[in-house]
file input-v3.pdb (PDB, N, CA and C atoms)
MODEL        1
ATOM      1  N   MET A  60     100.838 119.128 103.853
ATOM      2  CA  MET A  60     100.049 118.820 102.682
ATOM      3  C   MET A  60     100.192 117.348 102.298
ATOM      4  N   ARG A  61     101.373 116.796 102.488
ATOM      5  CA  ARG A  61     101.576 115.372 102.174
ATOM      6  C   ARG A  61     100.697 114.489 103.038
ATOM      7  N   LEU A  62     100.506 114.891 104.285
ATOM      8  CA  LEU A  62      99.665 114.115 105.187
ATOM      9  C   LEU A  62      98.220 114.086 104.698
ATOM     10  N   ILE A  63      97.747 115.206 104.178
ATOM     11  CA  ILE A  63      96.381 115.253 103.646
ATOM     12  C   ILE A  63      96.254 114.323 102.455
ATOM     13  N   TYR A  64      97.224 114.359 101.546
ATOM     14  CA  TYR A  64      97.201 113.466 100.392
ATOM     15  C   TYR A  64      97.238 112.001 100.827
ATOM     16  N   LEU A  65      98.061 111.699 101.796
ATOM     17  CA  LEU A  65      98.158 110.333 102.298
ATOM     18  C   LEU A  65      96.834 109.886 102.903
ATOM     19  N   LEU A  66      96.189 110.757 103.651
ATOM     20  CA  LEU A  66      94.894 110.426 104.241
ATOM     21  C   LEU A  66      93.832 110.199 103.170
ATOM     22  N   ILE A  67      93.852 111.008 102.120
ATOM     23  CA  ILE A  67      92.902 110.832 101.019
ATOM     24  C   ILE A  67      93.128 109.489 100.337
ATOM     25  N   ILE A  68      94.372 109.135 100.114
ATOM     26  CA  ILE A  68      94.687 107.853  99.481
ATOM     27  C   ILE A  68      94.242 106.696 100.367
ATOM     28  N   ILE A  69      94.479 106.798 101.658
ATOM     29  CA  ILE A  69      94.081 105.728 102.587
ATOM     30  C   ILE A  69      92.560 105.582 102.620
ATOM     31  N   VAL A  70      91.848 106.692 102.673
ATOM     32  CA  VAL A  70      90.387 106.638 102.689
ATOM     33  C   VAL A  70      89.862 106.024 101.396
ATOM     34  N   PHE A  71      90.414 106.419 100.263
ATOM     35  CA  PHE A  71      89.982 105.861  98.981
ATOM     36  C   PHE A  71      90.285 104.374  98.907
ATOM     37  N   ALA A  72      91.439 103.963  99.373
ATOM     38  CA  ALA A  72      91.800 102.547  99.353
ATOM     39  C   ALA A  72      90.871 101.730 100.262
ATOM     40  N   LEU A  73      90.548 102.264 101.428
ATOM     41  CA  LEU A  73      89.627 101.559 102.331
ATOM     42  C   LEU A  73      88.230 101.470 101.734
ATOM     43  N   ALA A  74      87.760 102.538 101.117
ATOM     44  CA  ALA A  74      86.444 102.510 100.476
ATOM     45  C   ALA A  74      86.420 101.487  99.348
ATOM     46  N   THR A  75      87.502 101.412  98.594
ATOM     47  CA  THR A  75      87.594 100.430  97.517
ATOM     48  C   THR A  75      87.597  99.014  98.073
ATOM     49  N   LEU A  76      88.318  98.792  99.152
ATOM     50  CA  LEU A  76      88.363  97.473  99.774
ATOM     51  C   LEU A  76      86.988  97.067 100.301
ATOM     52  N   ILE A  77      86.303  97.983 100.959
ATOM     53  CA  ILE A  77      84.964  97.677 101.467
ATOM     54  C   ILE A  77      84.016  97.362 100.319
ATOM     55  N   PHE A  78      84.083  98.139  99.248
ATOM     56  CA  PHE A  78      83.251  97.877  98.075
ATOM     57  C   PHE A  78      83.541  96.507  97.487
ATOM     58  N   ALA A  79      84.807  96.170  97.389
ATOM     59  CA  ALA A  79      85.194  94.890  96.803
ATOM     60  C   ALA A  79      84.706  93.716  97.642
ATOM     61  N   VAL A  80      84.804  93.830  98.955
ATOM     62  CA  VAL A  80      84.383  92.734  99.830
ATOM     63  C   VAL A  80      82.865  92.544  99.768
ATOM     64  N   GLN A  81      82.127  93.633  99.627
ATOM     65  CA  GLN A  81      80.671  93.543  99.596
ATOM     66  C   GLN A  81      80.125  93.131  98.237
ATOM     67  N   ASN A  82      80.949  93.154  97.204
ATOM     68  CA  ASN A  82      80.483  92.845  95.846
ATOM     69  C   ASN A  82      81.292  91.697  95.258
ATOM     70  N   LEU A  83      81.018  90.505  95.740
ATOM     71  CA  LEU A  83      81.756  89.334  95.275
ATOM     72  C   LEU A  83      81.041  88.592  94.140
ATOM     73  N   ALA A  84      79.939  89.127  93.661
ATOM     74  CA  ALA A  84      79.186  88.469  92.593
ATOM     75  C   ALA A  84      79.997  88.474  91.298
ATOM     76  N   VAL A  85      79.763  87.465  90.471
ATOM     77  CA  VAL A  85      80.434  87.364  89.179
ATOM     78  C   VAL A  85      79.669  88.208  88.165
ATOM     79  N   VAL A  86      80.394  89.051  87.450
ATOM     80  CA  VAL A  86      79.799  89.893  86.417
ATOM     81  C   VAL A  86      80.487  89.600  85.087
ATOM     82  N   THR A  87      79.779  89.894  84.003
ATOM     83  CA  THR A  87      80.328  89.693  82.670
ATOM     84  C   THR A  87      80.618  91.047  82.050
ATOM     85  N   VAL A  88      81.843  91.209  81.591
ATOM     86  CA  VAL A  88      82.257  92.439  80.911
ATOM     87  C   VAL A  88      82.353  92.131  79.430
ATOM     88  N   SER A  89      81.681  92.946  78.620
ATOM     89  CA  SER A  89      81.691  92.752  77.172
ATOM     90  C   SER A  89      82.360  93.944  76.510
ATOM     91  N   PHE A  90      83.259  93.653  75.592
ATOM     92  CA  PHE A  90      83.899  94.689  74.797
ATOM     93  C   PHE A  90      84.019  94.185  73.375
ATOM     94  N   LEU A  91      83.342  94.857  72.470
ATOM     95  CA  LEU A  91      83.236  94.444  71.072
ATOM     96  C   LEU A  91      82.711  93.010  71.015
ATOM     97  N   THR A  92      83.529  92.069  70.593
ATOM     98  CA  THR A  92      83.042  90.684  70.521
ATOM     99  C   THR A  92      83.572  89.815  71.647
ATOM    100  N   MET A  93      84.299  90.415  72.571
ATOM    101  CA  MET A  93      84.885  89.650  73.664
ATOM    102  C   MET A  93      83.992  89.727  74.898
ATOM    103  N   ASN A  94      83.853  88.600  75.594
ATOM    104  CA  ASN A  94      83.132  88.538  76.857
ATOM    105  C   ASN A  94      84.037  87.899  77.898
ATOM    106  N   HIS A  95      84.006  88.460  79.106
ATOM    107  CA  HIS A  95      84.831  87.908  80.175
ATOM    108  C   HIS A  95      84.043  87.975  81.471
ATOM    109  N   ALA A  96      83.930  86.852  82.154
ATOM    110  CA  ALA A  96      83.239  86.799  83.440
ATOM    111  C   ALA A  96      84.280  86.748  84.553
ATOM    112  N   ALA A  97      84.096  87.616  85.538
ATOM    113  CA  ALA A  97      85.026  87.680  86.674
ATOM    114  C   ALA A  97      84.287  88.282  87.862
ATOM    115  N   PRO A  98      84.777  88.004  89.062
ATOM    116  CA  PRO A  98      84.168  88.644  90.229
ATOM    117  C   PRO A  98      84.318  90.170  90.156
ATOM    118  N   LEU A  99      83.306  90.864  90.586
ATOM    119  CA  LEU A  99      83.326  92.316  90.546
ATOM    120  C   LEU A  99      84.491  92.872  91.363
ATOM    121  N   ALA A 100      84.802  92.224  92.467
ATOM    122  CA  ALA A 100      85.914  92.678  93.299
ATOM    123  C   ALA A 100      87.233  92.639  92.527
ATOM    124  N   LEU A 101      87.431  91.606  91.728
ATOM    125  CA  LEU A 101      88.654  91.495  90.939
ATOM    126  C   LEU A 101      88.719  92.595  89.886
ATOM    127  N   LEU A 102      87.597  92.883  89.244
ATOM    128  CA  LEU A 102      87.575  93.939  88.235
ATOM    129  C   LEU A 102      87.856  95.301  88.853
ATOM    130  N   VAL A 103      87.292  95.547  90.024
ATOM    131  CA  VAL A 103      87.556  96.815  90.712
ATOM    132  C   VAL A 103      89.029  96.914  91.076
ATOM    133  N   LEU A 104      89.602  95.829  91.548
ATOM    134  CA  LEU A 104      91.017  95.829  91.913
ATOM    135  C   LEU A 104      91.898  96.104  90.697
ATOM    136  N   VAL A 105      91.600  95.484  89.582
ATOM    137  CA  VAL A 105      92.388  95.689  88.367
ATOM    138  C   VAL A 105      92.295  97.142  87.911
ATOM    139  N   ILE A 106      91.096  97.701  87.913
ATOM    140  CA  ILE A 106      90.924  99.096  87.504
ATOM    141  C   ILE A 106      91.644 100.027  88.471
ATOM    142  N   TYR A 107      91.555  99.739  89.753
ATOM    143  CA  TYR A 107      92.231 100.555  90.765
ATOM    144  C   TYR A 107      93.750 100.549  90.538
ATOM    145  N   VAL A 108      94.305  99.381  90.302
ATOM    146  CA  VAL A 108      95.752  99.273  90.081
ATOM    147  C   VAL A 108      96.157  99.996  88.796
ATOM    148  N   LEU A 109      95.356  99.871  87.738
ATOM    149  CA  LEU A 109      95.682 100.554  86.491
ATOM    150  C   LEU A 109      95.643 102.069  86.650
ATOM    151  N   VAL A 110      94.644 102.575  87.341
ATOM    152  CA  VAL A 110      94.516 104.026  87.515
ATOM    153  C   VAL A 110      95.626 104.564  88.403
ATOM    154  N   THR A 111      95.854 103.920  89.542
ATOM    155  CA  THR A 111      96.895 104.423  90.441
ATOM    156  C   THR A 111      98.279 104.224  89.840
ATOM    157  N   GLY A 112      98.479 103.142  89.133
ATOM    158  CA  GLY A 112      99.771 102.897  88.491
ATOM    159  C   GLY A 112     100.070 103.922  87.418
ATOM    160  N   SER A 113      99.071 104.241  86.588
ATOM    161  CA  SER A 113      99.293 105.240  85.539
ATOM    162  C   SER A 113      99.484 106.625  86.146
ATOM    163  N   SER A 114      98.771 106.922  87.224
ATOM    164  CA  SER A 114      98.952 108.206  87.902
ATOM    165  C   SER A 114     100.354 108.302  88.493
ATOM    166  N   LEU A 115     100.819 107.218  89.070
ATOM    167  CA  LEU A 115     102.159 107.208  89.645
ATOM    168  C   LEU A 115     103.217 107.386  88.565
ATOM    169  N   LEU A 116     103.038 106.735  87.428
ATOM    170  CA  LEU A 116     103.997 106.899  86.331
ATOM    171  C   LEU A 116     104.013 108.336  85.824
ATOM    172  N   ALA A 117     102.841 108.944  85.703
ATOM    173  CA  ALA A 117     102.777 110.337  85.258
ATOM    174  C   ALA A 117     103.453 111.253  86.260
ATOM    175  N   LEU A 118     103.246 111.006  87.539
ATOM    176  CA  LEU A 118     103.876 111.818  88.574
ATOM    177  C   LEU A 118     105.393 111.664  88.542
ATOM    178  N   LEU A 119     105.866 110.440  88.399
ATOM    179  CA  LEU A 119     107.309 110.210  88.337
ATOM    180  C   LEU A 119     107.926 110.843  87.104
ATOM    181  N   ARG A 120     107.242 110.760  85.968
ATOM    182  CA  ARG A 120     107.752 111.356  84.747
ATOM    183  C   ARG A 120     107.836 112.872  84.881
ATOM    184  N   GLN A 121     106.788 113.476  85.469
ATOM    185  CA  GLN A 121     106.784 114.930  85.678
ATOM    186  C   GLN A 121     107.898 115.330  86.630
ATOM    187  N   SER A 122     108.093 114.550  87.666
ATOM    188  CA  SER A 122     109.142 114.847  88.639
ATOM    189  C   SER A 122     110.518 114.731  88.003
ATOM    190  N   TYR A 123     110.691 113.706  87.180
ATOM    191  CA  TYR A 123     111.986 113.500  86.514
ATOM    192  C   TYR A 123     112.294 114.621  85.532
ATOM    193  N   THR A 124     111.322 115.005  84.707
ATOM    194  CA  THR A 124     111.580 116.063  83.742
ATOM    195  C   THR A 124     111.736 117.409  84.425
ATOM    196  N   GLY A 125     111.047 117.613  85.555
ATOM    197  CA  GLY A 125     111.198 118.857  86.309
ATOM    198  C   GLY A 125     112.562 118.978  86.954
ATOM    199  N   SER A 126     113.135 117.846  87.355
ATOM    200  CA  SER A 126     114.435 117.872  88.022
ATOM    201  C   SER A 126     115.583 118.081  87.025
ATOM    202  N   ARG A 127     115.339 117.771  85.773
ATOM    203  CA  ARG A 127     116.394 117.933  84.763
ATOM    204  C   ARG A 127     116.533 119.381  84.310
ATOM    205  N   GLY A 128     115.482 120.173  84.564
ATOM    206  CA  GLY A 128     115.571 121.601  84.234
ATOM    207  C   GLY A 128     114.881 121.884  82.995
TER     208      GLY A 128
ENDMDL
END
call {"tool": "encode", "arguments": {"input": "input-v3.pdb", "output": "structure tokens"}}
result
Amino acid sequence: MRLIYLLIIIVFALATLIFAVQNLAVVTVSFLTMNHAAPLALLVLVIYVLVTGSSLLALLRQSYTGSRG
């Protein structure tokens, strides 16, 4: 089962990389009164890291609390 999860992660990471390389245009992100222009690839990378990082933290926290009993 771990191999399947690893393959899914690798496929998702490759798809994200291909998307990022093909979308190098600069886009503007607006939130409330703030505007920020950045390459789309950079924004995708930041979102990817935030999502996977938060998922990893949740997994580690669940594993830690499960091991304590």
call {"tool": "atom_distance", "arguments": {"input": "input-v3.pdb", "atom1": "CA of Gln81 (chain A)", "atom2": "CA of Tyr64 (chain A)"}}
result
25.9 Å
call {"tool": "atom_distance", "arguments": {"input": "input-v3.pdb", "atom1": "CA of Tyr107 (chain A)", "atom2": "atom N of Gln121 (chain A)"}}
result
20.2 Å
call {"tool": "atom_distance", "arguments": {"input": "input-v3.pdb", "atom1": "CA of Ile68 (chain A)", "atom2": "CA of Leu118 (chain A)"}}
result
14.8 Å
call {"tool": "closest_residue", "arguments": {"input": "input-v3.pdb", "among": "A:Leu119, A:Pro98, A:Leu65, A:Thr111", "to": "Asn82 (chain A)", "atoms": "all atoms listed in the file"}}
result
A:Pro98
call {"tool": "closest_residue", "arguments": {"input": "input-v3.pdb", "among": "A:Leu115, A:Ile63, A:Ala72, A:Ala97", "to": "Val85 (chain A)", "atoms": "only N, CA and C atoms"}}
result
A:Ala97
call {"tool": "residues_around", "arguments": {"input": "input-v3.pdb", "residues": "Leu102 (chain A)", "least_positions_apart": "5", "cutoff": "12 Å", "atoms": "only C-alpha atoms", "output": "PyMOL selection string"}}
result
chain A and resi 75+78-79+82-88+95-97+107-109
call {"tool": "axis_aligned_box", "arguments": {"input": "input-v3.pdb", "around": "region 70-89 of chain A", "padding_each_side": "8 Å", "output": "JSON"}}
result
{"center_x": 85.5, "center_y": 97.0, "center_z": 89.6, "size_x": 28.7, "size_y": 35.3, "size_z": 42.2}
call {"tool": "closest_residue", "arguments": {"input": "input-v3.pdb", "among": "A:Ile67, A:Ile106, A:Thr124, A:Ala100", "to": "Val80 (chain A)", "atoms": "only N, CA and C atoms"}}
result
A:Ala100
call {"tool": "select_by_dssp", "arguments": {"input": "input-v3.pdb", "residues": "chain A", "states": "strand (DSSP E or B)", "output": "PyMOL selection string"}}
result
chain A and resi 85-90+93-98
call {"tool": "decode", "arguments": {"input": "input-v3.pdb", "residues": "region 78-118 of chain A", "atoms": "N, CA and C atoms", "output": "CSV table (one decimal), in the first residue's frame"}}
result
chain,number,residue,atom,x,y,z
A,78,PHE,N,3.0,21.4,-15.1
A,78,PHE,CA,2.1,22.5,-15.2
A,78,PHE,C,2.9,23.8,-14.9
A,79,ALA,N,3.8,23.8,-13.9
A,79,ALA,CA,4.5,25.0,-13.6
A,79,ALA,C,5.5,25.4,-14.7
A,80,VAL,N,6.1,24.4,-15.4
A,80,VAL,CA,7.0,24.8,-16.5
A,80,VAL,C,6.2,25.4,-17.7
A,81,GLN,N,5.0,24.9,-17.9
A,81,GLN,CA,4.3,25.4,-19.0
A,81,GLN,C,3.6,26.7,-18.8
A,82,ASN,N,3.5,27.1,-17.5
A,82,ASN,CA,2.8,28.3,-17.2
A,82,ASN,C,3.7,29.3,-16.4
A,83,LEU,N,4.6,29.9,-17.2
A,83,LEU,CA,5.5,30.8,-16.6
A,83,LEU,C,5.1,32.3,-16.7
A,84,ALA,N,3.8,32.5,-17.2
A,84,ALA,CA,3.3,33.9,-17.3
A,84,ALA,C,3.1,34.5,-15.9
A,85,VAL,N,3.3,35.8,-15.8
A,85,VAL,CA,3.1,36.5,-14.5
A,85,VAL,C,1.6,36.8,-14.4
A,86,VAL,N,1.1,36.5,-13.2
A,86,VAL,CA,-0.3,36.7,-12.8
A,86,VAL,C,-0.4,37.6,-11.6
A,87,THR,N,-1.5,38.3,-11.5
A,87,THR,CA,-1.7,39.1,-10.3
A,87,THR,C,-2.8,38.5,-9.4
A,88,VAL,N,-2.4,38.3,-8.1
A,88,VAL,CA,-3.3,37.7,-7.1
A,88,VAL,C,-3.8,38.9,-6.3
A,89,SER,N,-5.1,39.0,-6.1
A,89,SER,CA,-5.7,40.1,-5.3
A,89,SER,C,-6.4,39.5,-4.1
A,90,PHE,N,-6.2,40.0,-3.0
A,90,PHE,CA,-6.9,39.6,-1.8
A,90,PHE,C,-7.2,40.9,-1.0
A,91,LEU,N,-8.5,41.2,-0.8
A,91,LEU,CA,-9.0,42.4,-0.2
A,91,LEU,C,-8.3,43.6,-0.9
A,92,THR,N,-7.5,44.3,-0.2
A,92,THR,CA,-6.8,45.5,-0.8
A,92,THR,C,-5.4,45.2,-1.3
A,93,MET,N,-4.9,44.0,-1.1
A,93,MET,CA,-3.6,43.7,-1.5
A,93,MET,C,-3.5,43.1,-2.9
A,94,ASN,N,-2.5,43.5,-3.7
A,94,ASN,CA,-2.3,42.9,-5.0
A,94,ASN,C,-0.8,42.4,-5.0
A,95,HIS,N,-0.6,41.3,-5.6
A,95,HIS,CA,0.8,40.7,-5.7
A,95,HIS,C,0.9,40.1,-7.1
A,96,ALA,N,1.9,40.5,-7.8
A,96,ALA,CA,2.2,39.9,-9.1
A,96,ALA,C,3.4,38.9,-9.0
A,97,ALA,N,3.2,37.7,-9.5
A,97,ALA,CA,4.2,36.7,-9.4
A,97,ALA,C,4.0,35.7,-10.6
A,98,PRO,N,5.0,35.0,-11.0
A,98,PRO,CA,4.9,33.9,-12.0
A,98,PRO,C,3.9,32.8,-11.5
A,99,LEU,N,3.1,32.4,-12.3
A,99,LEU,CA,2.1,31.3,-12.0
A,99,LEU,C,2.8,30.1,-11.4
A,100,ALA,N,3.9,29.8,-12.0
A,100,ALA,CA,4.7,28.6,-11.5
A,100,ALA,C,5.1,28.8,-10.0
A,101,LEU,N,5.5,30.0,-9.6
A,101,LEU,CA,5.9,30.2,-8.2
A,101,LEU,C,4.6,30.1,-7.3
A,102,LEU,N,3.5,30.6,-7.7
A,102,LEU,CA,2.3,30.5,-6.9
A,102,LEU,C,1.9,29.0,-6.8
A,103,VAL,N,2.0,28.3,-7.8
A,103,VAL,CA,1.6,26.9,-7.7
A,103,VAL,C,2.5,26.1,-6.8
A,104,LEU,N,3.8,26.5,-6.9
A,104,LEU,CA,4.8,25.8,-6.0
A,104,LEU,C,4.5,26.2,-4.5
A,105,VAL,N,4.2,27.4,-4.2
A,105,VAL,CA,3.9,27.8,-2.9
A,105,VAL,C,2.7,27.1,-2.3
A,106,ILE,N,1.6,27.1,-3.1
A,106,ILE,CA,0.4,26.4,-2.7
A,106,ILE,C,0.7,24.9,-2.5
A,107,TYR,N,1.5,24.3,-3.4
A,107,TYR,CA,1.8,22.9,-3.3
A,107,TYR,C,2.5,22.6,-2.0
A,108,VAL,N,3.5,23.4,-1.7
A,108,VAL,CA,4.3,23.3,-0.4
A,108,VAL,C,3.4,23.5,0.8
A,109,LEU,N,2.5,24.4,0.8
A,109,LEU,CA,1.6,24.7,1.9
A,109,LEU,C,0.7,23.5,2.1
A,110,VAL,N,0.1,23.0,1.1
A,110,VAL,CA,-0.8,21.9,1.2
A,110,VAL,C,-0.1,20.6,1.7
A,111,THR,N,1.0,20.3,1.0
A,111,THR,CA,1.7,19.0,1.4
A,111,THR,C,2.3,19.2,2.8
A,112,GLY,N,2.8,20.4,3.1
A,112,GLY,CA,3.4,20.6,4.5
A,112,GLY,C,2.3,20.5,5.5
A,113,SER,N,1.2,21.0,5.3
A,113,SER,CA,0.1,20.9,6.3
A,113,SER,C,-0.4,19.5,6.5
A,114,SER,N,-0.5,18.8,5.3
A,114,SER,CA,-0.9,17.4,5.4
A,114,SER,C,0.1,16.6,6.1
A,115,LEU,N,1.4,16.8,5.9
A,115,LEU,CA,2.4,16.1,6.6
A,115,LEU,C,2.4,16.4,8.1
A,116,LEU,N,2.2,17.6,8.5
A,116,LEU,CA,2.1,18.0,9.9
A,116,LEU,C,0.9,17.3,10.6
A,117,ALA,N,-0.3,17.2,9.9
A,117,ALA,CA,-1.4,16.5,10.4
A,117,ALA,C,-1.2,15.0,10.5
A,118,LEU,N,-0.5,14.5,9.6
A,118,LEU,CA,-0.2,13.0,9.6
A,118,LEU,C,0.8,12.7,10.8
